[in-house]
>>> print(open('data_21.txt').read())   # compact mmCIF, C-alpha atoms
# COMPACT_ATOMS: atom_id res chain seq x y z
CA MET A 6 36.58 13.23 -64.51
CA LYS A 7 36.58 12.36 -60.81
CA GLU A 8 39.43 13.31 -58.51
CA THR A 9 41.38 10.76 -56.45
CA PRO A 10 39.54 11.49 -53.19
CA ASP A 11 36.33 10.51 -54.99
CA TYR A 12 37.69 7.11 -55.95
CA GLU A 13 38.96 6.66 -52.43
CA LYS A 14 35.53 7.53 -51.12
CA ASP A 15 34.05 4.93 -53.47
CA ILE A 16 36.39 2.28 -52.09
CA ALA A 17 35.71 3.37 -48.51
CA SER A 18 31.96 3.15 -49.06
CA ILE A 19 32.30 -0.33 -50.57
CA ARG A 20 34.24 -1.46 -47.54
CA SER A 21 31.81 0.08 -45.09
CA MET A 22 28.73 -1.36 -46.85
CA MET A 23 30.24 -4.83 -47.00
CA GLU A 24 31.11 -4.75 -43.33
CA ARG A 25 27.89 -3.22 -42.09
CA SER A 26 25.74 -5.56 -44.14
CA VAL A 27 27.51 -8.68 -42.87
CA LYS A 28 28.58 -7.89 -39.32
CA PHE A 29 26.37 -7.48 -36.30
CA ILE A 30 28.25 -4.69 -34.54
CA SER A 31 25.81 -3.99 -31.70
CA LEU A 32 27.05 -6.95 -29.68
CA SER A 33 28.30 -5.54 -26.39
CA GLY A 34 31.35 -6.81 -24.54
CA LEU A 35 29.61 -5.95 -21.30
CA SER A 36 26.97 -8.63 -21.97
CA GLY A 37 29.78 -11.20 -22.18
CA ILE A 38 31.17 -10.04 -18.83
CA LEU A 39 27.74 -10.22 -17.19
CA ALA A 40 26.99 -13.63 -18.74
CA GLY A 41 30.25 -14.84 -17.19
CA ILE A 42 29.23 -13.50 -13.80
CA TYR A 43 25.81 -15.18 -14.02
CA ALA A 44 27.52 -18.45 -14.98
CA LEU A 45 29.91 -18.24 -12.02
CA THR A 46 26.99 -17.48 -9.69
CA GLY A 47 25.08 -20.45 -11.11
CA ALA A 48 28.13 -22.68 -10.76
CA SER A 49 28.56 -21.64 -7.11
CA VAL A 50 24.96 -22.56 -6.34
CA ALA A 51 25.46 -25.87 -8.15
CA TYR A 52 28.57 -26.47 -6.09
CA TYR A 53 26.58 -26.05 -2.87
CA LEU A 54 23.98 -28.48 -4.13
CA VAL A 55 26.41 -31.18 -5.20
CA TYR A 56 29.60 -30.88 -3.15
CA TYR A 57 29.14 -28.69 -0.11
CA PRO A 58 30.88 -28.75 2.37
CA SER A 59 33.72 -30.50 0.53
CA SER A 60 36.01 -28.91 -2.01
CA PRO A 61 34.99 -29.35 -5.65
CA PHE A 62 37.98 -31.62 -6.11
CA GLY A 63 37.11 -33.96 -3.29
CA PHE A 64 34.52 -36.33 -1.91
CA ARG A 65 30.86 -35.56 -2.62
CA PHE A 66 27.87 -35.73 -0.31
CA HIS A 67 25.40 -35.68 -3.15
CA TYR A 68 25.49 -37.17 -6.60
CA ILE A 69 23.70 -35.89 -9.63
CA ASP A 70 21.71 -39.08 -10.03
CA GLU A 71 19.46 -37.93 -7.23
CA GLN A 72 16.45 -36.73 -9.22
CA VAL A 73 15.88 -33.58 -7.13
CA VAL A 74 19.48 -32.45 -7.49
CA LEU A 75 19.36 -33.02 -11.24
CA ILE A 76 16.18 -30.97 -11.65
CA LYS A 77 17.65 -28.15 -9.56
CA LEU A 78 20.81 -28.16 -11.68
CA ILE A 79 18.81 -27.98 -14.90
CA GLY A 80 16.81 -25.11 -13.36
CA ILE A 81 19.99 -23.18 -12.50
CA ALA A 82 21.40 -23.69 -16.01
CA ALA A 83 18.12 -22.48 -17.54
CA LEU A 84 18.12 -19.37 -15.33
CA VAL A 85 21.72 -18.54 -16.25
CA LEU A 86 20.85 -18.92 -19.94
CA LEU A 87 17.72 -16.78 -19.61
CA PHE A 88 19.49 -13.97 -17.77
CA SER A 89 22.40 -14.03 -20.22
CA ILE A 90 20.14 -13.83 -23.28
CA GLY A 91 18.04 -11.08 -21.65
CA THR A 92 21.11 -9.02 -20.77
CA GLY A 93 22.65 -9.58 -24.19
CA TYR A 94 19.49 -8.39 -25.91
CA PHE A 95 19.06 -5.35 -23.67
CA LEU A 96 22.68 -4.20 -24.03
CA SER A 97 22.66 -4.77 -27.79
CA LEU A 98 19.54 -2.62 -27.99
CA GLN A 99 21.36 0.18 -26.19
CA LYS A 100 24.52 -0.12 -28.25
CA ALA A 101 22.52 -0.19 -31.48
CA LYS A 102 20.78 3.02 -30.45
CA LYS A 103 24.15 4.62 -29.76
CA LEU A 104 25.52 3.48 -33.13
CA GLY A 105 22.37 4.57 -34.92
CA THR A 106 21.60 1.11 -36.24
CA THR A 107 19.03 -1.59 -35.49
CA VAL A 108 19.24 -4.81 -33.49
CA TRP A 109 16.91 -6.81 -35.67
CA ASN A 110 18.59 -6.75 -39.04
CA HIS A 111 19.89 -9.07 -41.72
CA ALA A 112 23.22 -9.62 -39.94
CA SER A 113 21.68 -10.43 -36.55
CA LYS A 114 19.15 -12.83 -38.07
CA GLN A 115 21.94 -14.66 -39.87
CA LEU A 116 24.00 -14.64 -36.67
CA LEU A 117 21.18 -16.18 -34.62
CA LYS A 118 20.47 -18.81 -37.26
CA ASP A 119 24.12 -19.85 -37.40
CA LEU A 120 24.35 -19.84 -33.60
CA PHE A 121 21.18 -21.77 -32.88
CA ILE A 122 21.55 -24.70 -35.24
CA PRO A 123 24.57 -26.24 -33.43
CA LEU A 124 23.22 -25.02 -30.11
CA VAL A 125 19.85 -26.75 -30.51
CA ALA A 126 21.55 -29.91 -31.79
CA GLY A 127 23.85 -29.83 -28.74
CA GLY A 128 21.00 -29.10 -26.35
CA LEU A 129 18.98 -32.06 -27.62
CA PHE A 130 22.04 -34.28 -27.51
CA ILE A 131 22.65 -33.31 -23.87
CA LEU A 132 19.01 -33.90 -22.92
CA ILE A 133 19.27 -37.38 -24.43
CA LEU A 134 22.48 -38.01 -22.44
CA LEU A 135 20.74 -36.85 -19.24
CA SER A 136 17.67 -38.98 -19.88
CA ARG A 137 19.90 -42.03 -20.26
CA GLY A 138 21.85 -41.30 -17.10
CA ASN A 139 25.07 -40.25 -18.84
CA TYR A 140 26.03 -37.31 -16.66
CA ILE A 141 29.77 -37.54 -17.01
CA ILE A 142 30.22 -35.80 -20.36
CA VAL A 143 27.34 -33.29 -20.13
CA SER A 144 29.65 -30.42 -19.18
CA SER A 145 32.13 -31.39 -21.86
CA ALA A 146 29.43 -31.73 -24.54
CA SER A 147 27.91 -28.36 -23.68
CA LEU A 148 31.31 -26.66 -23.99
CA VAL A 149 32.13 -28.33 -27.32
CA PHE A 150 28.73 -27.62 -28.91
CA TYR A 151 28.79 -24.03 -27.62
CA GLY A 152 32.25 -23.56 -29.12
CA VAL A 153 31.12 -24.93 -32.49
CA ALA A 154 28.07 -22.63 -32.39
CA LEU A 155 30.24 -19.58 -31.67
CA ILE A 156 32.66 -20.36 -34.49
CA ASN A 157 29.75 -20.92 -36.85
CA ALA A 158 28.17 -17.59 -35.88
CA SER A 159 31.37 -15.54 -35.77
CA ARG A 160 31.25 -14.82 -39.52
CA ASN A 161 28.57 -12.26 -38.72
CA THR A 162 30.17 -10.48 -35.79
CA TYR A 163 33.46 -9.55 -34.14
CA HIS A 164 36.28 -12.04 -34.68
CA GLU A 165 36.93 -12.42 -30.92
CA VAL A 166 33.79 -14.58 -30.85
CA GLN A 167 35.60 -17.08 -33.04
CA TYR A 168 38.56 -17.30 -30.63
CA LEU A 169 36.16 -17.74 -27.72
CA GLY A 170 34.70 -20.65 -29.70
CA TYR A 171 38.09 -22.34 -30.11
CA THR A 172 38.78 -21.88 -26.38
CA GLU A 173 35.46 -23.50 -25.46
CA ILE A 174 36.13 -26.51 -27.69
CA VAL A 175 39.58 -27.05 -26.16
CA LEU A 176 38.15 -26.76 -22.63
CA GLY A 177 35.35 -29.17 -23.56
CA LEU A 178 37.78 -31.77 -24.87
CA VAL A 179 40.03 -31.47 -21.80
CA ALA A 180 36.92 -31.79 -19.62
CA ALA A 181 36.02 -35.02 -21.43
CA MET A 182 39.41 -36.43 -20.47
CA MET A 183 38.92 -35.53 -16.81
CA PRO A 184 35.51 -36.90 -15.82
CA GLY A 185 34.20 -35.68 -12.48
CA TYR A 186 35.55 -32.16 -12.85
CA GLY A 187 32.74 -31.02 -15.13
CA LEU A 188 31.64 -28.17 -12.89
CA ILE A 189 35.15 -26.69 -12.84
CA PHE A 190 35.51 -26.74 -16.62
CA TRP A 191 31.98 -25.45 -17.00
CA SER A 192 32.86 -22.50 -14.72
CA LEU A 193 36.05 -21.83 -16.68
CA GLY A 194 34.33 -21.98 -20.07
CA PHE A 195 31.04 -20.27 -19.39
CA GLY A 196 32.21 -18.06 -16.53
CA LEU A 197 35.82 -17.01 -16.73
CA MET A 198 36.18 -17.11 -20.54
CA HIS A 199 33.08 -14.97 -21.06
CA ILE A 200 34.52 -12.43 -18.64
CA VAL A 201 37.95 -12.47 -20.34
CA TYR A 202 36.67 -12.16 -23.92
CA GLY A 203 33.88 -9.79 -22.85
CA THR A 204 36.48 -7.48 -21.29
CA ILE A 205 38.63 -7.55 -24.44
CA MET A 206 35.61 -6.72 -26.59
CA TYR A 207 34.46 -4.06 -24.17
CA PHE A 208 37.74 -2.18 -24.40
CA ARG A 209 38.06 -2.66 -28.17
CA TYR A 210 34.54 -1.85 -29.33
CA ASP A 211 32.34 -0.42 -26.57
CA LYS A 212 34.46 2.50 -25.52
CA MET B 7 49.48 0.61 -70.59
CA LYS B 8 45.74 0.36 -70.96
CA ASN B 9 43.70 3.20 -69.59
CA PRO B 10 41.92 2.00 -66.43
CA PHE B 11 39.10 4.47 -67.09
CA GLU B 12 37.86 2.10 -69.76
CA ASN B 13 37.40 -0.57 -67.13
CA LEU B 14 35.18 1.56 -64.93
CA ASP B 15 31.58 0.49 -65.24
CA ARG B 16 29.37 3.44 -66.07
CA VAL B 17 26.37 2.01 -64.16
CA LEU B 18 28.47 1.54 -61.02
CA GLU B 19 29.97 5.01 -61.19
CA HIS B 20 26.95 6.14 -59.27
CA ARG B 21 27.85 5.64 -55.60
CA VAL B 22 24.45 4.38 -54.43
CA ARG B 23 24.47 1.62 -57.06
CA LEU B 24 28.00 0.75 -56.02
CA GLN B 25 26.81 0.50 -52.41
CA ILE B 26 23.87 -1.72 -53.31
CA MET B 27 26.21 -4.01 -55.23
CA SER B 28 28.65 -4.07 -52.28
CA VAL B 29 25.90 -5.34 -49.99
CA LEU B 30 24.81 -7.99 -52.50
CA VAL B 31 28.33 -9.20 -53.27
CA ALA B 32 29.13 -9.61 -49.56
CA ASN B 33 25.92 -11.56 -48.81
CA ASP B 34 24.03 -14.45 -50.45
CA SER B 35 20.90 -12.34 -50.66
CA TYR B 36 19.42 -9.25 -49.05
CA ASP B 37 15.89 -7.87 -48.90
CA PHE B 38 14.66 -4.49 -50.14
CA ASN B 39 14.06 -2.90 -46.74
CA SER B 40 17.36 -4.04 -45.23
CA ILE B 41 19.36 -2.59 -48.13
CA LYS B 42 17.34 0.61 -47.90
CA GLU B 43 18.03 0.92 -44.15
CA ILE B 44 21.72 0.15 -44.32
CA ILE B 45 22.43 2.69 -47.07
CA GLY B 46 19.89 5.18 -45.80
CA LEU B 47 17.73 5.65 -48.89
CA THR B 48 14.15 6.63 -49.54
CA ASP B 49 11.75 4.12 -51.14
CA GLY B 50 11.76 6.06 -54.37
CA SER B 51 15.49 6.38 -54.93
CA MET B 52 16.05 2.79 -53.84
CA ALA B 53 13.50 1.58 -56.39
CA SER B 54 15.05 3.55 -59.23
CA HIS B 55 18.60 2.35 -58.54
CA ILE B 56 17.46 -1.22 -58.11
CA LYS B 57 15.65 -0.97 -61.43
CA ALA B 58 18.82 0.27 -63.13
CA LEU B 59 20.84 -2.66 -61.74
CA GLU B 60 18.11 -5.12 -62.68
CA LYS B 61 17.99 -3.82 -66.22
CA GLU B 62 21.73 -4.47 -66.59
CA LYS B 63 21.17 -7.98 -65.16
CA TYR B 64 23.65 -7.28 -62.36
CA ILE B 65 21.10 -8.44 -59.81
CA SER B 66 18.22 -10.90 -59.77
CA VAL B 67 14.95 -10.59 -57.86
CA SER B 68 12.81 -13.11 -56.05
CA LYS B 69 9.46 -12.15 -54.60
CA SER B 70 7.71 -14.07 -51.87
CA PHE B 71 5.36 -13.50 -48.96
CA ILE B 72 6.22 -13.70 -45.26
CA ASP B 73 3.15 -13.48 -43.02
CA LYS B 74 1.19 -12.12 -45.97
CA LYS B 75 3.65 -9.23 -46.32
CA PRO B 76 5.53 -9.03 -49.60
CA ASN B 77 9.21 -9.81 -49.23
CA THR B 78 11.47 -8.89 -52.11
CA LYS B 79 14.96 -10.34 -52.11
CA TYR B 80 17.86 -9.48 -54.33
CA LYS B 81 20.93 -11.44 -55.36
CA ALA B 82 24.02 -10.44 -57.28
CA THR B 83 24.22 -12.37 -60.55
CA GLU B 84 27.47 -13.85 -61.85
CA ARG B 85 27.59 -11.02 -64.35
CA GLY B 86 27.06 -8.51 -61.55
CA ARG B 87 29.84 -10.01 -59.46
CA SER B 88 32.39 -9.96 -62.28
CA VAL B 89 31.48 -6.40 -63.30
CA PHE B 90 31.77 -5.32 -59.66
CA LYS B 91 35.18 -6.92 -59.33
CA LYS B 92 36.41 -5.32 -62.54
CA HIS B 93 35.13 -1.94 -61.39
CA LEU B 94 36.87 -2.35 -58.05
CA ASP B 95 40.16 -3.27 -59.74
CA ALA B 96 39.86 -0.23 -62.00
CA LEU B 97 39.26 2.02 -58.98
CA GLU B 98 42.38 0.68 -57.29
CA GLU B 99 44.39 1.13 -60.47
CA LEU B 100 43.22 4.73 -60.83
CA ILE B 101 44.14 5.59 -57.27
CA LYS B 102 47.58 4.05 -57.76
CA GLN B 103 48.19 5.98 -60.98
CA GLN B 104 47.03 9.30 -59.61
CA ARG B 105 49.22 8.90 -56.55
CA LYS B 106 52.28 8.44 -58.75
CA GLN B 107 51.64 11.67 -60.61
>>> encode(input="data_21.txt", output="structure tokens")
Amino acid sequence: MKETPDYEKDIASIRSMMERSVKFISLSGLSGILAGIYALTGASVAYYLVYYPSSPFGFRFHYIDEQVVLIKLIGIAALVLLFSIGTGYFLSLQKAKKLGTTVWNHASKQLLKDLFIPLVAGGLFILILLSRGNYIIVSSASLVFYGVALINASRNTYHEVQYLGYTEIVLGLVAAMMPGYGLIFWSLGFGLMHIVYGTIMYFRYDK
Amino acid sequence: MKNPFENLDRVLEHRVRLQIMSVLVANDSYDFNSIKEIIGLTDGSMASHIKALEKEKYISVSKSFIDKKPNTKYKATERGRSVFKKHLDALEELIKQQRKQ
């Protein structure tokens, strides 16, 4: 007959296996913070392209319907995305090594699949909006789709990701009600919120 | 009161089998190598425990090829899920009873 500690060990091992098989735990809070910083940098450059020297709330010298400005803005967004993904991958690799696990596992594959389906749908939707000259709700749409993607993917990682998702959706909807302030909401959602939630995750899980 | 020992499943009393079932109950399906990595098993011991669970029809197997490499996936069957749940309840009951003593 087994002793109590044995049964408790059985229960503990069930819990640990369930969690480790479902959750991608190598996600680093630091990558969220850095992604936020890249986004704010990108948004500042975009501000110079579109508004400078006025305030982002005021009169504009350039409008996005100038083809060159639009292409530059898409280029900045792509760079921010690329740097964020690169940093996220690199830091996850390091954290996985520290935790003695792998980056490319069942949980991370599921996470990416859940993340990318809404993200690709949103990306295509936004490209269609851009191609038809609908610039006003691009920022709002990107926030909403990103939020949906995060909530969809959060099943396989830390639950803070889910709350970040809700925050992005709310910001996206508010942005839709305030056309013309897209860049500000975009900076809040992709910049500030990544830094806030990244910091929370950093102190909870990276330390 | 009924003795909770009777509800313990003798196949799942082995911890590795219990761990394999935990992974399969928490996920739709999982492949051989991923289970092996997460529990930290050798090919040989993994194969023997999987065989035991398969024989009891607690799990089902599907074999396919990805890039010409064999990919073996496992799923918990309905029977496997209910046995697992019963085993888990029995474990909890045992811990409760032994704490009272």
>>> interface_residues(input="data_21.txt", of="chain B", to="chain A", cutoff="9 Å", atoms="only C-alpha atoms", output="NGL selection string")
:B and (19 or 21 or 24-33 or 36-37 or 40-41 or 43-45 or 94 or 97-98 or 100-101 or 104-105)
>>> atom_distance(input="data_21.txt", atom1="atom CA of Gly105 of chain A", atom2="atom CA of Ala154 of chain A")
27.9 Å
>>> atom_distance(input="data_21.txt", atom1="atom CA of Ala44 of chain A", atom2="atom CA of Gly196 of chain A")
5.0 Å
>>> atom_distance(input="data_21.txt", atom1="atom CA of Gly41 of chain A", atom2="atom CA of Tyr53 of chain A")
18.6 Å
>>> residues_around(input="data_21.txt", residues="Arg23 of chain B", least_positions_apart="6", cutoff="8 Å", atoms="all atoms listed in the file", output="mmCIF file with C-alpha atoms, in the frame of the given file")
data_model
loop_
_atom_site.group_PDB
_atom_site.id
_atom_site.type_symbol
_atom_site.label_atom_id
_atom_site.label_comp_id
_atom_site.auth_asym_id
_atom_site.auth_seq_id
_atom_site.Cartn_x
_atom_site.Cartn_y
_atom_site.Cartn_z
ATOM 1 C CA VAL B 17 26.370 2.010 -64.160
ATOM 2 C CA HIS B 55 18.600 2.350 -58.540
ATOM 3 C CA ILE B 56 17.460 -1.220 -58.110
ATOM 4 C CA LEU B 59 20.840 -2.660 -61.740
#
>>> residues_around(input="data_21.txt", residues="segment 80-83 of chain A", least_positions_apart="3", cutoff="9 Å", atoms="all atoms listed in the file", output="PyMOL selection string")
chain A and resi 44+47-48+50-51+75-77+86-88
>>> residues_around(input="data_21.txt", residues="Tyr151 of chain A", least_positions_apart="5", cutoff="8 Å", atoms="all atoms listed in the file", output="PyMOL selection string")
chain A and resi 123-124+127+170+173-174
>>> decode(input="data_21.txt", residues="segment 21-78 of chain B", atoms="C-alpha atoms", output="PDB file, in the first residue's frame")
ATOM      1  CA  ARG B  21       3.259   6.978 -12.401  1.00  0.00           C
ATOM      2  CA  VAL B  22       4.591   7.139 -15.972  1.00  0.00           C
ATOM      3  CA  ARG B  23       1.289   5.825 -17.350  1.00  0.00           C
ATOM      4  CA  LEU B  24      -0.529   8.351 -15.207  1.00  0.00           C
ATOM      5  CA  GLN B  25       1.671  11.098 -16.665  1.00  0.00           C
ATOM      6  CA  ILE B  26       1.061   9.969 -20.245  1.00  0.00           C
ATOM      7  CA  MET B  27      -2.680   9.986 -19.586  1.00  0.00           C
ATOM      8  CA  SER B  28      -2.436  13.468 -18.010  1.00  0.00           C
ATOM      9  CA  VAL B  29      -0.871  14.838 -21.185  1.00  0.00           C
ATOM     10  CA  LEU B  30      -3.491  13.177 -23.391  1.00  0.00           C
ATOM     11  CA  VAL B  31      -6.458  14.252 -21.273  1.00  0.00           C
ATOM     12  CA  ALA B  32      -5.290  17.885 -21.282  1.00  0.00           C
ATOM     13  CA  ASN B  33      -4.747  17.988 -25.063  1.00  0.00           C
ATOM     14  CA  ASP B  34      -6.715  16.860 -28.138  1.00  0.00           C
ATOM     15  CA  SER B  35      -3.784  14.775 -29.310  1.00  0.00           C
ATOM     16  CA  TYR B  36      -0.041  14.541 -28.758  1.00  0.00           C
ATOM     17  CA  ASP B  37       2.744  12.872 -30.719  1.00  0.00           C
ATOM     18  CA  PHE B  38       5.138  10.182 -29.505  1.00  0.00           C
ATOM     19  CA  ASN B  39       8.274  12.335 -29.363  1.00  0.00           C
ATOM     20  CA  SER B  40       6.593  15.267 -27.615  1.00  0.00           C
ATOM     21  CA  ILE B  41       5.218  13.033 -24.857  1.00  0.00           C
ATOM     22  CA  LYS B  42       8.610  11.376 -24.528  1.00  0.00           C
ATOM     23  CA  GLU B  43      10.365  14.751 -24.184  1.00  0.00           C
ATOM     24  CA  ILE B  44       7.926  16.260 -21.724  1.00  0.00           C
ATOM     25  CA  ILE B  45       8.029  13.295 -19.341  1.00  0.00           C
ATOM     26  CA  GLY B  46      11.691  12.579 -19.963  1.00  0.00           C
ATOM     27  CA  LEU B  47      11.541   8.943 -21.062  1.00  0.00           C
ATOM     28  CA  THR B  48      13.665   6.689 -23.216  1.00  0.00           C
ATOM     29  CA  ASP B  49      12.238   5.275 -26.466  1.00  0.00           C
ATOM     30  CA  GLY B  50      12.011   1.836 -24.948  1.00  0.00           C
ATOM     31  CA  SER B  51      10.145   2.651 -21.757  1.00  0.00           C
ATOM     32  CA  MET B  52       7.846   5.028 -23.607  1.00  0.00           C
ATOM     33  CA  ALA B  53       6.940   2.290 -26.091  1.00  0.00           C
ATOM     34  CA  SER B  54       6.183  -0.250 -23.380  1.00  0.00           C
ATOM     35  CA  HIS B  55       3.941   2.086 -21.382  1.00  0.00           C
ATOM     36  CA  ILE B  56       2.146   3.253 -24.497  1.00  0.00           C
ATOM     37  CA  LYS B  57       1.550  -0.370 -25.426  1.00  0.00           C
ATOM     38  CA  ALA B  58       0.052  -1.059 -22.002  1.00  0.00           C
ATOM     39  CA  LEU B  59      -2.342   1.895 -22.327  1.00  0.00           C
ATOM     40  CA  GLU B  60      -3.241   0.901 -25.879  1.00  0.00           C
ATOM     41  CA  LYS B  61      -4.013  -2.636 -24.816  1.00  0.00           C
ATOM     42  CA  GLU B  62      -6.487  -1.322 -22.228  1.00  0.00           C
ATOM     43  CA  LYS B  63      -8.021   0.897 -24.951  1.00  0.00           C
ATOM     44  CA  TYR B  64      -7.328   4.007 -22.854  1.00  0.00           C
ATOM     45  CA  ILE B  65      -5.649   5.641 -25.836  1.00  0.00           C
ATOM     46  CA  SER B  66      -5.984   5.426 -29.603  1.00  0.00           C
ATOM     47  CA  VAL B  67      -3.219   5.736 -32.187  1.00  0.00           C
ATOM     48  CA  SER B  68      -3.078   7.355 -35.587  1.00  0.00           C
ATOM     49  CA  LYS B  69      -0.037   7.006 -37.789  1.00  0.00           C
ATOM     50  CA  SER B  70       0.806   9.358 -40.621  1.00  0.00           C
ATOM     51  CA  PHE B  71       3.804  10.778 -42.427  1.00  0.00           C
ATOM     52  CA  ILE B  72       5.089  14.353 -42.249  1.00  0.00           C
ATOM     53  CA  ASP B  73       7.862  15.055 -44.763  1.00  0.00           C
ATOM     54  CA  LYS B  74       8.318  11.309 -45.182  1.00  0.00           C
ATOM     55  CA  LYS B  75       9.021  10.946 -41.455  1.00  0.00           C
ATOM     56  CA  PRO B  76       6.612   8.763 -39.508  1.00  0.00           C
ATOM     57  CA  ASN B  77       4.440  10.736 -37.126  1.00  0.00           C
ATOM     58  CA  THR B  78       2.560   8.793 -34.487  1.00  0.00           C
TER      59      THR B  78
END
